[in-house]
$ cat run_21.txt   # compact mmCIF, C-alpha atoms
# COMPACT_ATOMS: atom_id res chain seq x y z
CA MET C 1 34.27 -131.47 6.04
CA PHE C 2 34.13 -131.87 9.86
CA SER C 3 32.86 -129.16 12.15
CA LEU C 4 34.58 -128.57 15.49
CA GLN C 5 31.74 -130.34 17.33
CA GLN C 6 32.06 -133.38 15.03
CA LEU C 7 35.81 -133.57 15.57
CA LEU C 8 35.54 -133.39 19.37
CA ARG C 9 32.75 -135.95 19.40
CA ALA C 10 34.79 -138.31 17.24
CA THR C 11 37.82 -137.96 19.52
CA ALA C 12 35.81 -138.54 22.71
CA THR C 13 34.16 -141.69 21.36
CA SER C 14 37.19 -143.19 19.64
CA ASN C 15 37.96 -146.76 20.76
CA GLY C 16 41.65 -146.55 20.59
CA GLY C 17 44.75 -144.96 19.20
CA ASN C 18 44.21 -146.42 15.75
CA ASP C 19 40.84 -144.66 15.34
CA LEU C 20 42.19 -141.34 16.59
CA SER C 21 45.27 -141.68 14.41
CA ARG C 22 43.18 -142.36 11.33
CA LEU C 23 40.98 -139.36 12.15
CA LEU C 24 43.93 -137.03 12.51
CA ARG C 25 45.62 -138.39 9.38
CA HIS C 26 42.35 -137.84 7.48
CA MET C 27 42.26 -134.27 8.69
CA GLY C 28 45.87 -133.69 7.70
CA GLY C 29 48.09 -131.02 9.11
CA VAL C 30 48.86 -132.78 12.44
CA THR C 31 52.53 -133.58 12.85
CA SER C 32 53.70 -137.15 13.30
CA GLY C 33 54.96 -136.36 16.79
CA ALA C 34 51.58 -135.07 17.89
CA THR C 35 49.90 -138.08 16.37
CA THR C 36 52.23 -140.48 18.20
CA THR C 37 51.67 -138.72 21.54
CA LEU C 38 47.92 -138.81 21.16
CA CYS C 39 47.89 -142.45 20.10
CA THR C 40 50.15 -143.47 23.01
CA ALA C 41 47.99 -141.68 25.54
CA SER C 42 44.87 -143.20 24.09
CA ALA C 43 46.45 -146.66 24.10
CA THR C 44 47.37 -146.25 27.78
CA LYS C 45 43.78 -145.41 28.56
CA HIS C 46 42.58 -148.45 26.64
CA SER C 47 45.03 -150.77 28.46
CA SER C 48 44.04 -149.45 31.90
CA GLN C 49 40.37 -149.88 31.14
CA ALA C 50 41.01 -153.46 29.92
CA LYS C 51 42.85 -154.44 33.12
CA PHE C 52 40.20 -152.91 35.32
CA GLY C 53 37.55 -154.78 33.43
CA ASP C 54 39.32 -158.13 33.84
CA ASN C 55 39.71 -157.77 37.58
CA SER C 56 36.17 -156.67 38.21
CA SER C 57 34.80 -159.58 36.21
CA HIS C 58 35.80 -161.99 38.99
CA GLY C 59 33.80 -160.04 41.55
CA SER C 60 36.83 -159.84 43.91
CA PRO C 61 37.44 -156.65 45.91
CA SER C 62 41.21 -157.16 45.54
CA HIS C 63 43.44 -157.86 42.51
CA THR C 64 45.04 -161.27 41.94
CA ASP C 65 48.51 -159.77 41.81
CA GLY C 66 48.18 -158.68 45.43
CA ARG C 67 47.61 -154.94 44.86
CA SER C 68 44.99 -153.25 46.97
CA HIS C 69 41.91 -151.53 45.69
CA GLY C 70 43.41 -148.17 46.60
CA GLU C 71 46.43 -148.87 44.46
CA SER C 72 44.16 -149.77 41.54
CA GLU C 73 42.25 -146.55 41.99
CA SER C 74 45.53 -144.64 42.04
CA ASP C 75 46.58 -146.27 38.80
CA LEU C 76 43.19 -145.50 37.32
CA GLU C 77 43.41 -141.84 38.34
CA SER C 78 46.86 -141.68 36.76
CA ALA C 79 45.49 -143.17 33.59
CA HIS C 80 42.63 -140.69 33.64
CA GLY C 81 45.10 -137.85 34.10
CA GLN C 82 47.05 -138.98 31.08
CA ASN C 83 43.81 -139.34 29.14
CA PHE C 84 42.69 -135.81 30.18
CA THR C 85 46.06 -134.39 29.06
CA ALA C 86 45.81 -136.17 25.73
CA HIS C 87 42.27 -134.99 25.13
CA HIS C 88 43.15 -131.44 26.12
CA PHE C 89 46.02 -131.48 23.64
CA ALA C 90 43.77 -133.04 21.01
CA ARG C 91 41.17 -130.36 21.56
CA ARG C 92 43.73 -127.62 20.99
CA ILE C 93 45.02 -129.24 17.81
CA LEU C 94 41.51 -129.93 16.52
CA GLN C 95 40.42 -126.35 17.25
CA GLN C 96 43.38 -125.02 15.27
CA ARG C 97 42.73 -127.47 12.48
CA SER C 98 39.02 -126.57 12.41
CA GLN C 99 39.91 -122.90 12.07
CA ASP C 100 42.27 -123.76 9.20
CA ILE C 101 39.51 -125.74 7.52
CA GLN C 102 37.00 -122.91 7.90
CA ARG C 103 39.47 -120.43 6.43
CA HIS C 104 40.11 -122.82 3.55
CA ILE C 105 36.38 -123.19 2.89
CA HIS C 106 35.89 -119.41 3.03
CA THR C 107 38.80 -118.85 0.66
CA GLN C 108 37.53 -121.41 -1.83
CA SER C 109 34.01 -119.95 -1.65
CA SER C 110 35.34 -116.43 -2.25
CA LYS C 111 37.38 -117.62 -5.21
CA GLY C 112 34.32 -119.37 -6.64
CA GLN C 113 32.20 -116.25 -6.26
CA THR C 114 34.92 -114.13 -7.85
CA ARG C 115 35.18 -116.51 -10.81
CA ALA C 116 31.39 -116.55 -11.23
CA LYS C 117 31.21 -112.75 -11.07
CA SER C 118 34.04 -112.43 -13.57
CA SER C 119 32.32 -114.85 -15.94
CA GLN C 120 29.04 -112.93 -15.65
CA GLN C 121 30.80 -109.63 -16.39
CA GLN C 122 32.44 -111.14 -19.47
CA GLN C 123 29.06 -112.37 -20.73
CA GLN C 124 27.53 -108.93 -20.17
CA GLN C 125 30.43 -107.30 -22.00
CA GLN C 126 30.04 -109.68 -24.92
CA THR C 127 26.32 -108.90 -25.06
CA ALA C 128 27.00 -105.17 -24.92
CA THR C 129 29.42 -105.37 -27.84
CA LYS C 130 26.78 -107.02 -30.00
CA PHE C 131 25.20 -103.63 -30.62
CA ALA C 132 26.37 -102.38 -33.98
CA MET C 133 26.71 -98.76 -32.81
CA SER C 134 24.96 -98.05 -29.53
CA SER C 135 21.93 -99.17 -27.59
CA LEU C 136 19.96 -96.31 -29.16
CA ALA C 137 21.25 -96.58 -32.71
CA ALA C 138 21.26 -100.28 -33.49
CA GLU C 139 19.30 -103.49 -33.20
CA PRO C 140 20.43 -105.63 -30.23
CA LEU C 141 21.74 -109.04 -31.22
CA GLN C 142 21.91 -110.67 -27.78
CA SER C 143 20.14 -113.81 -28.93
CA GLN C 144 22.65 -114.41 -31.71
CA LYS C 145 25.83 -116.23 -30.76
CA PRO C 146 28.96 -116.34 -32.92
CA ASP C 147 28.61 -120.08 -33.57
CA GLU C 148 25.00 -119.51 -34.70
CA ILE C 149 26.17 -116.96 -37.28
CA THR C 150 28.89 -119.33 -38.51
CA ALA C 151 26.44 -122.22 -38.75
CA SER C 152 23.87 -120.16 -40.61
CA THR C 153 26.43 -119.02 -43.20
CA GLY C 154 27.83 -122.49 -43.78
CA GLY C 155 30.94 -121.86 -41.68
CA ASP C 156 32.43 -119.37 -44.17
CA ALA C 157 31.47 -116.12 -42.47
CA GLU C 158 33.21 -114.75 -39.44
CA ALA C 159 31.15 -113.60 -36.48
CA PRO C 160 31.15 -109.83 -36.06
CA GLY C 161 33.78 -108.94 -33.48
CA LEU C 162 34.25 -106.00 -31.23
CA GLY C 163 35.18 -103.73 -34.12
CA ALA C 164 32.54 -104.91 -36.56
CA SER C 165 30.80 -102.19 -38.51
CA CYS C 166 27.06 -101.78 -38.78
CA HIS C 167 27.15 -103.12 -42.35
CA GLU C 168 29.03 -106.26 -41.26
CA VAL C 169 26.62 -106.96 -38.43
CA ALA C 170 23.64 -106.26 -40.66
CA SER C 171 24.93 -108.66 -43.32
CA ALA C 172 25.68 -111.42 -40.83
CA SER C 173 22.40 -111.03 -38.95
CA ALA C 174 20.35 -110.85 -42.15
CA SER C 175 21.85 -114.13 -43.38
CA ALA C 176 21.05 -115.65 -40.00
CA GLY C 177 17.42 -114.57 -40.23
CA LYS C 178 17.80 -111.85 -37.58
CA LYS C 179 16.54 -108.29 -37.77
CA PRO C 180 19.39 -106.08 -39.02
CA CYS C 181 20.46 -102.73 -37.65
CA PHE C 182 20.53 -99.62 -39.84
CA SER C 183 21.06 -100.27 -43.53
CA SER C 184 22.48 -96.76 -43.80
CA GLY C 185 25.76 -95.48 -42.44
CA LEU C 186 26.64 -93.03 -39.73
CA GLY C 187 26.84 -90.20 -42.25
CA GLU C 188 23.20 -90.65 -43.20
CA ILE C 189 22.16 -90.63 -39.55
CA LEU C 190 23.98 -87.34 -39.06
CA GLN C 191 22.09 -85.97 -42.07
CA PHE C 192 18.86 -87.04 -40.40
CA MET C 193 19.91 -85.19 -37.26
CA GLU C 194 20.66 -82.04 -39.29
CA LEU C 195 17.21 -82.13 -40.87
CA ILE C 196 15.59 -82.41 -37.45
CA GLY C 197 17.79 -79.49 -36.42
CA ASN C 198 16.33 -77.41 -39.26
CA LEU C 199 12.96 -77.60 -37.53
CA LYS C 200 14.47 -76.00 -34.43
CA HIS C 201 15.45 -72.87 -36.38
CA THR C 202 12.82 -72.59 -39.13
CA LYS C 203 10.11 -70.07 -38.25
CA ARG C 204 6.50 -70.81 -39.04
CA THR C 205 5.52 -68.97 -42.21
CA GLY C 206 2.20 -67.56 -40.97
CA TRP C 207 3.90 -65.50 -38.24
CA VAL C 208 6.71 -64.38 -40.52
CA LEU C 209 4.21 -63.03 -43.06
CA ARG C 210 2.55 -61.01 -40.27
CA ASP C 211 5.87 -59.59 -39.06
CA VAL C 212 5.66 -61.21 -35.63
CA ASN C 213 8.92 -60.70 -33.78
CA ASP C 214 10.67 -63.68 -32.21
CA CYS C 215 8.05 -66.07 -33.52
CA GLU C 216 7.95 -69.80 -32.84
CA SER C 217 9.81 -72.47 -34.76
CA ILE C 218 8.29 -75.56 -36.34
CA SER C 219 9.75 -77.83 -33.71
CA GLY C 220 8.39 -75.59 -30.93
CA HIS C 221 4.92 -75.98 -32.43
CA MET C 222 5.25 -79.79 -32.60
CA TYR C 223 6.67 -79.99 -29.10
CA ARG C 224 3.69 -78.29 -27.43
CA MET C 225 1.33 -80.50 -29.43
CA SER C 226 3.21 -83.56 -28.17
CA MET C 227 3.05 -82.37 -24.58
CA LEU C 228 -0.69 -81.86 -24.85
CA THR C 229 -1.12 -85.60 -25.47
CA PHE C 230 -0.28 -86.12 -21.79
CA LEU C 231 -3.75 -84.76 -21.04
CA LEU C 232 -5.15 -88.06 -22.29
CA ASP C 233 -5.83 -90.68 -19.61
CA GLY C 234 -7.26 -93.50 -21.71
CA SER C 235 -10.91 -92.78 -20.94
CA GLU C 236 -11.25 -91.02 -24.33
CA GLY C 237 -10.57 -94.24 -26.22
CA LEU C 238 -7.40 -92.77 -27.74
CA ASN C 239 -3.91 -94.24 -27.81
CA GLN C 240 -1.86 -91.57 -26.03
CA ILE C 241 1.53 -92.83 -27.26
CA ARG C 242 0.34 -92.95 -30.85
CA CYS C 243 -1.05 -89.42 -30.59
CA MET C 244 2.33 -88.25 -29.32
CA GLU C 245 4.11 -89.97 -32.20
CA LEU C 246 1.78 -88.40 -34.75
CA ALA C 247 2.36 -84.96 -33.24
CA LEU C 248 6.13 -85.39 -33.42
CA VAL C 249 6.06 -86.53 -37.05
CA HIS C 250 3.27 -84.52 -38.70
CA ASP C 251 5.42 -81.52 -39.83
CA LEU C 252 8.69 -83.40 -40.33
CA ALA C 253 8.62 -82.85 -44.13
CA GLU C 254 8.89 -79.10 -43.51
CA SER C 255 12.55 -79.62 -42.62
CA LEU C 256 13.09 -79.89 -46.40
CA VAL C 257 10.20 -78.06 -48.10
CA GLY C 258 9.50 -75.44 -45.45
CA ASP C 259 6.17 -74.38 -43.93
CA ILE C 260 3.89 -74.03 -46.95
CA THR C 261 0.78 -71.88 -46.40
CA PRO C 262 -2.06 -70.81 -48.71
CA PHE C 263 -0.15 -67.55 -49.25
CA CYS C 264 2.84 -69.36 -50.80
CA GLY C 265 1.23 -69.86 -54.24
CA ILE C 266 1.41 -73.67 -54.13
CA SER C 267 -1.63 -75.84 -54.72
CA LYS C 268 -2.82 -78.37 -52.20
CA ASP C 269 -1.92 -81.28 -54.49
CA ASP C 270 1.56 -79.93 -55.18
CA LYS C 271 2.12 -79.33 -51.47
CA ARG C 272 1.07 -82.88 -50.73
CA ALA C 273 3.37 -84.32 -53.43
CA MET C 274 6.33 -82.23 -52.21
CA GLU C 275 5.87 -83.28 -48.61
CA PHE C 276 5.50 -86.98 -49.42
CA LYS C 277 8.67 -86.89 -51.53
CA ALA C 278 10.49 -85.11 -48.71
CA MET C 279 9.34 -87.74 -46.22
CA GLU C 280 10.58 -90.54 -48.45
CA ASP C 281 14.01 -88.92 -48.64
CA ILE C 282 14.12 -88.35 -44.88
CA CYS C 283 13.03 -91.86 -43.96
CA LYS C 284 15.61 -93.44 -46.27
CA LEU C 285 18.33 -91.98 -44.05
CA ILE C 286 17.41 -94.20 -41.11
CA GLU C 287 16.07 -97.37 -42.69
CA PRO C 288 14.57 -99.67 -41.54
CA ARG C 289 13.35 -97.34 -38.76
CA GLY C 290 12.15 -94.80 -41.30
CA LYS C 291 9.28 -97.05 -42.30
CA ARG C 292 7.61 -96.45 -38.97
CA ILE C 293 7.87 -92.67 -39.36
CA MET C 294 6.43 -92.84 -42.87
CA GLU C 295 3.44 -94.86 -41.64
CA LEU C 296 2.70 -92.24 -38.99
CA PHE C 297 2.96 -89.39 -41.51
CA GLU C 298 0.56 -91.12 -43.91
CA GLU C 299 -1.90 -91.80 -41.08
CA TYR C 300 -1.92 -88.12 -40.14
CA GLU C 301 -2.32 -86.94 -43.73
CA HIS C 302 -5.20 -89.32 -44.45
CA GLY C 303 -6.94 -88.22 -41.25
CA GLN C 304 -9.14 -91.29 -40.92
CA THR C 305 -8.19 -92.63 -37.48
CA ALA C 306 -9.44 -91.19 -34.19
CA GLU C 307 -5.85 -90.42 -33.17
CA SER C 308 -5.06 -88.52 -36.37
CA LYS C 309 -8.24 -86.44 -36.04
CA PHE C 310 -7.41 -85.60 -32.44
CA VAL C 311 -3.85 -84.54 -33.36
CA LYS C 312 -5.23 -82.35 -36.15
CA ASP C 313 -7.37 -80.64 -33.50
CA LEU C 314 -4.21 -80.12 -31.43
CA ASP C 315 -2.53 -78.59 -34.49
CA ARG C 316 -5.28 -75.97 -34.80
CA LEU C 317 -5.51 -75.50 -31.02
CA ASP C 318 -1.82 -74.68 -30.76
CA MET C 319 -2.14 -72.11 -33.55
CA VAL C 320 -4.99 -70.15 -31.95
CA MET C 321 -3.30 -70.35 -28.56
CA GLN C 322 -0.10 -69.01 -30.10
CA ALA C 323 -2.01 -66.16 -31.78
CA PHE C 324 -3.58 -65.24 -28.43
CA GLU C 325 -0.15 -65.29 -26.75
CA TYR C 326 1.35 -62.96 -29.36
CA GLU C 327 -1.59 -60.58 -29.01
CA LYS C 328 -1.03 -60.38 -25.25
CA ARG C 329 2.75 -60.17 -25.51
CA ASP C 330 2.75 -57.44 -28.18
CA ASN C 331 -0.26 -55.61 -26.75
CA CYS C 332 -2.22 -55.97 -29.99
CA LEU C 333 -5.37 -57.80 -28.99
CA LEU C 334 -7.53 -59.05 -31.85
CA LYS C 335 -4.76 -58.30 -34.38
CA HIS C 336 -4.38 -61.98 -35.35
CA GLN C 337 -8.07 -62.61 -35.88
CA GLU C 338 -7.39 -64.34 -39.21
CA PHE C 339 -5.89 -67.32 -37.39
CA PHE C 340 -9.05 -67.68 -35.36
CA ASP C 341 -11.24 -67.32 -38.44
CA SER C 342 -9.31 -69.99 -40.37
CA THR C 343 -10.10 -72.58 -37.69
CA GLU C 344 -13.68 -71.58 -36.93
CA GLY C 345 -15.97 -74.62 -36.77
CA LYS C 346 -13.18 -77.10 -37.58
CA PHE C 347 -12.60 -78.57 -34.12
CA ASN C 348 -14.05 -82.00 -33.42
CA HIS C 349 -12.93 -83.34 -30.05
CA PRO C 350 -15.14 -82.18 -27.15
CA PHE C 351 -12.26 -81.46 -24.80
CA VAL C 352 -10.37 -79.45 -27.41
CA LYS C 353 -13.53 -77.46 -28.11
CA LYS C 354 -13.72 -76.54 -24.42
CA LEU C 355 -10.14 -75.31 -24.48
CA VAL C 356 -10.78 -73.23 -27.60
CA ASN C 357 -13.90 -71.70 -26.03
CA GLU C 358 -11.85 -70.78 -22.95
CA ILE C 359 -9.32 -69.00 -25.16
CA TYR C 360 -12.12 -67.07 -26.86
CA GLU C 361 -13.63 -66.01 -23.54
CA GLN C 362 -10.34 -64.81 -22.06
CA ARG C 363 -9.51 -63.00 -25.28
CA ASP C 364 -12.86 -61.21 -25.36
CA VAL C 365 -12.54 -60.10 -21.75
CA LEU C 366 -9.08 -58.63 -22.35
CA ALA C 367 -10.15 -57.00 -25.62
CA LYS C 368 -13.11 -55.27 -23.97
CA ALA C 369 -10.98 -54.12 -21.06
CA LYS C 370 -8.51 -52.49 -23.42
CA GLY C 371 -11.11 -51.28 -25.91
CA ALA C 372 -9.50 -53.28 -28.73
CA THR C 373 -11.24 -53.60 -32.08
CA PRO C 374 -10.67 -56.35 -34.61
CA PRO C 375 -8.71 -55.50 -37.76
CA PRO C 376 -10.24 -55.74 -41.25
CA THR C 377 -10.91 -59.26 -42.35
CA ILE C 378 -8.07 -60.84 -44.32
CA GLU C 379 -9.09 -63.11 -47.13
CA VAL C 380 -7.15 -66.34 -47.13
CA PRO C 381 -6.57 -67.62 -50.67
CA SER C 382 -7.75 -71.08 -51.55
CA MET C 383 -4.94 -73.55 -52.17
CA GLU C 384 -6.99 -74.99 -55.03
CA ARG C 385 -6.36 -71.75 -56.97
CA SER C 386 -2.86 -71.04 -55.69
CA SER C 387 -0.99 -72.81 -58.48
CA LYS C 388 -3.06 -71.07 -61.15
CA LEU C 389 -2.45 -67.66 -59.62
CA ALA C 390 1.24 -68.39 -59.39
CA ASN C 391 1.27 -69.15 -63.12
CA GLY C 392 -0.49 -65.89 -64.06
CA HIS C 393 -4.03 -67.29 -64.29
CA ASP C 394 -6.85 -65.99 -62.14
CA GLY C 395 -8.99 -69.05 -62.71
CA SER C 396 -11.82 -67.11 -64.42
CA SER C 397 -11.37 -68.74 -67.79
$ encode --input "run_21.txt" --output "C-alpha cells"
Amino acid sequence: MFSLQQLLRATATSNGGNDLSRLLRHMGGVTSGATTTLCTASATKHSSQAKFGDNSSHGSPSHTDGRSHGESESDLESAHGQNFTAHHFARRILQQRSQDIQRHIHTQSSKGQTRAKSSQQQQQQQTATKFAMSSLAAEPLQSQKPDEITASTGGDAEAPGLGASCHEVASASASAGKKPCFSSGLGEILQFMELIGNLKHTKRTGWVLRDVNDCESISGHMYRMSMLTFLLDGSEGLNQIRCMELALVHDLAESLVGDITPFCGISKDDKRAMEFKAMEDICKLIEPRGKRIMELFEEYEHGQTAESKFVKDLDRLDMVMQAFEYEKRDNCLLKHQEFFDSTEGKFNHPFVKKLVNEIYEQRDVLAKAKGATPPPTIEVPSMERSSKLANGHDGSS
C-alpha cells in the first residue's frame, strides 16, 4: 500500500505521462477521463522541457525558429501553469484515493480482529462445555480434543458433545487415559449434600445430655476449628491447609452415626468401626473425590502426624471454650466443669496450651467475682466398659 507522501513523491518525480498513468491505474479508482487529463498535462510538460533543452544546448541566446527569449519564457511559464494545474488535480485525486485506501485497510483490520475474537470465543465455549457438569463438580477435559477421543477408541466412539452426560464423558476420557469425572450420578451428589446438611442441624450430644439450651451443632464445632487454623503462619512447621482439611473432615461420619460419647453405651472399638463404615458409605457418593476425604479421616483417627495432633488439640480447645461460653451466657459459672476435667493434661501444642490457660484464668476471675462454686464431680464412664454395661454386664466377672 502507498501512503499519501509516497503517492505525492511518485507523482512529482514521474518522468512522463506513462509513469503517472501506470501509477494511477495501479491505485485503481481514478476515472479514465482524469487519467487522460493528467497524462496529457504531464506530456505537455515533458515536451516543453525537451524543446528548451535542445535550444539551450547550442549556447544561443535566441531560438533557431526566430522566437525571442521572452517568448520562450512565456511558453515555459504557460507549460509550468499547465503542469501546476495537473499536479494540483493529481494531489486532490491522490488525497481522496489515499483516504479510501486507509478506510479499506481499517475495515479489513477490523474484520480480521472480529474474526479472531469470534474464533477465540468459540474455542473458549468449546473448552467450557468439556466439563461434565460444572467447573466445581467435574474434571476439566480441556486437553482432550474430540479427534483424540476418536483415535484412542479406534474411531468407533463419538466424542462427548454439548449434552453428554457425566457417565459418557467419564467412559470416553477413561478409555483415552484421562482422569474421569465423578463415577457417581447427580443423585448421589445430592445425597452427599444432604448428609453434610445433617451436620448443620445435629446437636452435639454432650450439651444435649446436660440440657443446654440452643446448643451448637456438629458443623458449627468443625467450622470454628477450621477457622482457628488461620492462626498458623508456617513458623510452627505445620501445613495450614492440611490442618483445615482435617478439621472439616474429622466429624463427618457423625452425619450418619451421630455424636457418640462415653455416655452412649458404645465401646471405643464399636464406635470406631461404625464411623469407618459410615465414612466408606459417604465417600462412595462422590468417587473418585471421596478417596481424598477418606485419607484425611484416617490420618486424623490414627493421630500420628503433627497436623492430626494439632487438630485434635483444636477439637478439645473448642469444647472447653464452648463450655466457658455457655457458663457465661446462662450465668452458671463452673457448671460445666466436667468438660474441663475430661481434657485436663491432654493438650500438646504450646500455643493451644496458652489459649487454654487464658480460658482458665478468665473463668476463675469471673467465678470468684460471682462467688460461684463448682458442682459435684461427674464420673465419665470408660468407653472400654460401655459395651459391657449396655449388655447388662458390669465387668466385674
$ closest_residue --input "run_21.txt" --among "C:Met244, C:Met294, C:Met319, C:Met225" --to "C:Arg204" --atoms "all atoms listed in the file"
C:Met319
$ atom_distance --input "run_21.txt" --atom1 "atom CA of C:Leu317" --atom2 "atom CA of C:Asp364"
17.0 Å
$ residues_around --input "run_21.txt" --residues "C:Gly220" --least-positions-apart "2" --cutoff "10 Å" --atoms "all atoms listed in the file" --output "ChimeraX atom specification"
/C:199-204,215-218,222-226
$ write_last_selection --input "run_21.txt" --atoms "C-alpha atoms" --output "PDB file, keeping the file's coordinate frame"
ATOM      1  CA  LEU C 199      12.960 -77.600 -37.530  1.00  0.00           C
ATOM      2  CA  LYS C 200      14.470 -76.000 -34.430  1.00  0.00           C
ATOM      3  CA  HIS C 201      15.450 -72.870 -36.380  1.00  0.00           C
ATOM      4  CA  THR C 202      12.820 -72.590 -39.130  1.00  0.00           C
ATOM      5  CA  LYS C 203      10.110 -70.070 -38.250  1.00  0.00           C
ATOM      6  CA  ARG C 204       6.500 -70.810 -39.040  1.00  0.00           C
ATOM      7  CA  CYS C 215       8.050 -66.070 -33.520  1.00  0.00           C
ATOM      8  CA  GLU C 216       7.950 -69.800 -32.840  1.00  0.00           C
ATOM      9  CA  SER C 217       9.810 -72.470 -34.760  1.00  0.00           C
ATOM     10  CA  ILE C 218       8.290 -75.560 -36.340  1.00  0.00           C
ATOM     11  CA  MET C 222       5.250 -79.790 -32.600  1.00  0.00           C
ATOM     12  CA  TYR C 223       6.670 -79.990 -29.100  1.00  0.00           C
ATOM     13  CA  ARG C 224       3.690 -78.290 -27.430  1.00  0.00           C
ATOM     14  CA  MET C 225       1.330 -80.500 -29.430  1.00  0.00           C
ATOM     15  CA  SER C 226       3.210 -83.560 -28.170  1.00  0.00           C
TER      16      SER C 226
END
$ closest_residue --input "run_21.txt" --among "C:Thr305, C:Leu333, C:Thr261, C:Gln191" --to "C:Val380" --atoms "all atoms listed in the file"
C:Thr261
$ residues_near_point --input "run_21.txt" --point "(-2.2, -70.8, -51.2)" --cutoff "7 Å" --atoms "all atoms listed in the file" --output "list in words"
Thr261, Pro262, Phe263, Cys264, Gly265, Ile266, Ser267, Pro381, Ser382, Met383 and Ser386 of chain C
$ atom_distance --input "run_21.txt" --atom1 "atom CA of C:Phe310" --atom2 "atom CA of C:Glu295"
17.0 Å
$ closest_residue --input "run_21.txt" --among "C:Phe297, C:Phe276, C:Phe192, C:Phe339" --to "C:Arg210" --atoms "all atoms listed in the file"
C:Phe339
$ residues_around --input "run_21.txt" --residues "stretch 277-279 of chain C" --least-positions-apart "4" --cutoff "8 Å" --atoms "all atoms listed in the file" --output "PyMOL selection string"
chain C and resi 252-253+256-257+273+283+294
$ closest_residue --input "run_21.txt" --among "C:Cys332, C:Ile196, C:Asp318, C:Lys268" --to "C:Phe347" --atoms "all atoms listed in the file"
C:Asp318
$ atom_distance --input "run_21.txt" --atom1 "atom CA of C:Tyr326" --atom2 "atom CA of C:Lys309"
26.2 Å
$ closest_residue --input "run_21.txt" --among "C:His336, C:His302, C:Arg292, C:Lys284" --to "C:Gln322" --atoms "all atoms listed in the file"
C:His336
$ closest_residue --input "run_21.txt" --among "C:Ser219, C:Asn331, C:Ser235, C:Gln304" --to "C:Gly371" --atoms "all atoms listed in the file"
C:Asn331
